[in-house]
Amino acid sequence: MKKNIVVVGCGYWGKNLVRNFHELDALYGVSDPQTEISELYSKKYSVKSLSFNESLKDKNVDAVAICAPAELHKKLIIEALLNGKNVFVEKPLALSLNECDEIEEALTSSKKFLMVGHLLHYHPIFSKVKKLIKSNEIGKVLKIHSERKSFGKIRNNEDVIWSFAPHDISMILSLADSMPDDIKVSGNYFLDQKIYDSANINLTFKGNLSAQIDVSWLHPVKRHCLTIIGEKGMIVFDDTNDWPEKLFLRKHSLNNELALNSADKFIEVPYGEPLKIECSHFLDLLDGNVENITDFNEGKKVVSVLCRCS
């Protein structure tokens with residue numbers, strides 16, 4: 001059944017949501033406080049340009065996809081839910097656990113859907129990574145290391161942890177299937193003495209599993225890489241590589257010494273645009289056809305870790 005989505009916030013990342021919902025024949029309207037931006041996309045895709053309030057009052061709108069600054073998430077989410085709209089919101093869900101609690105109250109009373117844009121859950125490569133681990137391809141997971149680095153984009157109202165690390169935290173919590181027992185953080189201030197420009201996060205889980213996240217917006221080259229070390233092998237998901245070389249598997253034996261079991265190999269995965277898959281999943285969620293894998297509870301867990309990092 002066709003769904004009508006209004007994208008709220010059409011800037012740096014929001015324009016990609018606009019394009020994908022349009023290609024999925026679900027874009028009903030666009031909304032941006034800079035009306036010249038919303039009118040631009042309104043003309044480009046032949047859809048309505050609406051204020052946020054107009055989006056909430058329009059009975060034809062099934063859901064809003066919020067891509068606004070994180071400090072506005074709580075307010076926009078609650079207003080949308082209390083006006084009977086389902087919500088897709090980009091990461092992070094909120095900026096504190098208190099904000100999460102307020103959102104949960106509105107979500108419970110509205111009985112609507114809320115999905116958080118933890119994009120990498122919908123990446124075909126990460127889906128394959130989870131299948132490889134579930135099938136015991138590398139044995140028990142011992143260590144996870146995630147890097148998310150680039151030169152910019154620098155924020156002024158949130159540090160690099162809140163800006164870059166939600167995706168990595170979300171993936172690691174999914175792979176660990178638990179919350180960390182301990183978190184240690186170190187970071188560097190270069191541009192603003194109140195905001196981390198680079199940071200290192202170490203998480204310890206039950207079962208002798210550890211994870212490390214390195215984030216920076218002052219790195220000379222783009223680096224998006226997830227490495228998983230297991231008892232029988234290692235998996236590397238390097239999202240900065242071309243598609244055929246994004247997923248790499250190395251098998252080994254860990255006894256008193258390290259030995260290779262077989263030749264290293266790239267794993268073939270059919271191509272799919274992660275954002276389109278994510279947007280399609282949200283539409284299927286509204287039809288009740290799929291599980292909400294990045295729901296409010298998943299989003300709140302990520303915010304909980306972010307808060308502990310702070």
# chains A, B, ... in the order shown; residues from 1 in each chain; ligands from 1
>>> residues_around(residues="A:Phe21", least_positions_apart="4", cutoff="12 Å", atoms="only C-alpha atoms", output="PyMOL selection string")
chain A and resi 2-7+14-17+25-30+45+47+63-65+88+275-283
>>> select_by_dssp(residues="stretch 36-276 of chain A", states="strand (DSSP E)", output="VMD selection string")
chain A and resid 48 to 49 63 to 66 86 to 90 114 to 117 141 to 151 182 to 188 198 to 205 209 to 216 218 to 230 233 to 238 247 to 254 258 to 260 265 to 266
>>> residues_around(residues="A:Gly117", least_positions_apart="4", cutoff="9 Å", atoms="only C-alpha atoms", output="number ranges by chain")
A: 88-93, 121, 278, 294, 299
>>> select_by_dssp(residues="stretch 28-203 of chain A", states="helix (DSSP H, G or I)", output="JSON, numbers by chain")
{"A": [35, 36, 37, 38, 39, 40, 41, 42, 43, 44, 45, 52, 53, 54, 55, 56, 57, 70, 71, 72, 73, 74, 75, 76, 77, 78, 79, 80, 81, 82, 97, 98, 99, 100, 101, 102, 103, 104, 105, 106, 107, 108, 109, 110, 119, 120, 121, 122, 124, 125, 126, 127, 128, 129, 130, 131, 132, 133, 134, 160, 161, 162, 163, 164, 166, 167, 168, 169, 170, 171, 172, 173, 174, 175, 176]}
>>> closest_residue(among="A:Leu95, A:Met115, A:Ile213, A:Val290", to="A:His145", atoms="only C-alpha atoms")
A:Ile213
>>> closest_residue(among="A:Ser253, A:Asn157, A:Ser31, A:Ser178", to="A:Asn53", atoms="only C-alpha atoms")
A:Ser31
>>> residues_around(residues="stretch 123-133 of chain A", least_positions_apart="6", cutoff="9 Å", atoms="only C-alpha atoms", output="ChimeraX atom specification")
/A:139-141,171,174-175,230,235-237,239,246-247,267,269-275,277-278
>>> residues_around(residues="A:Met234", least_positions_apart="4", cutoff="8 Å", atoms="only C-alpha atoms", output="ChimeraX atom specification")
/A:138,227-230,249-252
>>> write_last_selection(atoms="N, CA and C atoms", output="PDB file, in the first residue's frame")
ATOM      1  N   ILE A 138      34.226 -17.514  11.868  1.00  0.00           N
ATOM      2  CA  ILE A 138      35.490 -17.109  12.496  1.00  0.00           C
ATOM      3  C   ILE A 138      35.541 -17.504  13.975  1.00  0.00           C
ATOM      4  N   THR A 227      36.725  -4.105  11.752  1.00  0.00           N
ATOM      5  CA  THR A 227      37.516  -5.336  11.794  1.00  0.00           C
ATOM      6  C   THR A 227      37.047  -6.192  12.958  1.00  0.00           C
ATOM      7  N   ILE A 228      36.795  -7.460  12.676  1.00  0.00           N
ATOM      8  CA  ILE A 228      36.328  -8.387  13.710  1.00  0.00           C
ATOM      9  C   ILE A 228      37.304  -9.539  13.788  1.00  0.00           C
ATOM     10  N   ILE A 229      37.893  -9.757  14.960  1.00  0.00           N
ATOM     11  CA  ILE A 229      38.887 -10.811  15.165  1.00  0.00           C
ATOM     12  C   ILE A 229      38.241 -11.928  15.976  1.00  0.00           C
ATOM     13  N   GLY A 230      38.279 -13.135  15.424  1.00  0.00           N
ATOM     14  CA  GLY A 230      37.713 -14.292  16.094  1.00  0.00           C
ATOM     15  C   GLY A 230      38.758 -15.363  16.324  1.00  0.00           C
ATOM     16  N   LEU A 249      37.998 -11.774   4.160  1.00  0.00           N
ATOM     17  CA  LEU A 249      38.029 -12.837   5.180  1.00  0.00           C
ATOM     18  C   LEU A 249      39.409 -13.473   5.218  1.00  0.00           C
ATOM     19  N   ARG A 250      39.964 -13.607   6.404  1.00  0.00           N
ATOM     20  CA  ARG A 250      41.222 -14.335   6.610  1.00  0.00           C
ATOM     21  C   ARG A 250      40.981 -15.405   7.671  1.00  0.00           C
ATOM     22  N   LYS A 251      41.284 -16.658   7.337  1.00  0.00           N
ATOM     23  CA  LYS A 251      41.121 -17.772   8.285  1.00  0.00           C
ATOM     24  C   LYS A 251      42.466 -18.063   8.947  1.00  0.00           C
ATOM     25  N   HIS A 252      42.429 -18.411  10.238  1.00  0.00           N
ATOM     26  CA  HIS A 252      43.662 -18.705  10.948  1.00  0.00           C
ATOM     27  C   HIS A 252      43.392 -19.677  12.093  1.00  0.00           C
TER      28      HIS A 252
END
>>> closest_residue(among="A:Ile195, A:Val87, A:Ile201, A:Ala94", to="A:Ala70", atoms="only C-alpha atoms")
A:Ala94
>>> atom_distance(atom1="atom CA of A:Leu76", atom2="atom CA of A:Asn289")
26.0 Å
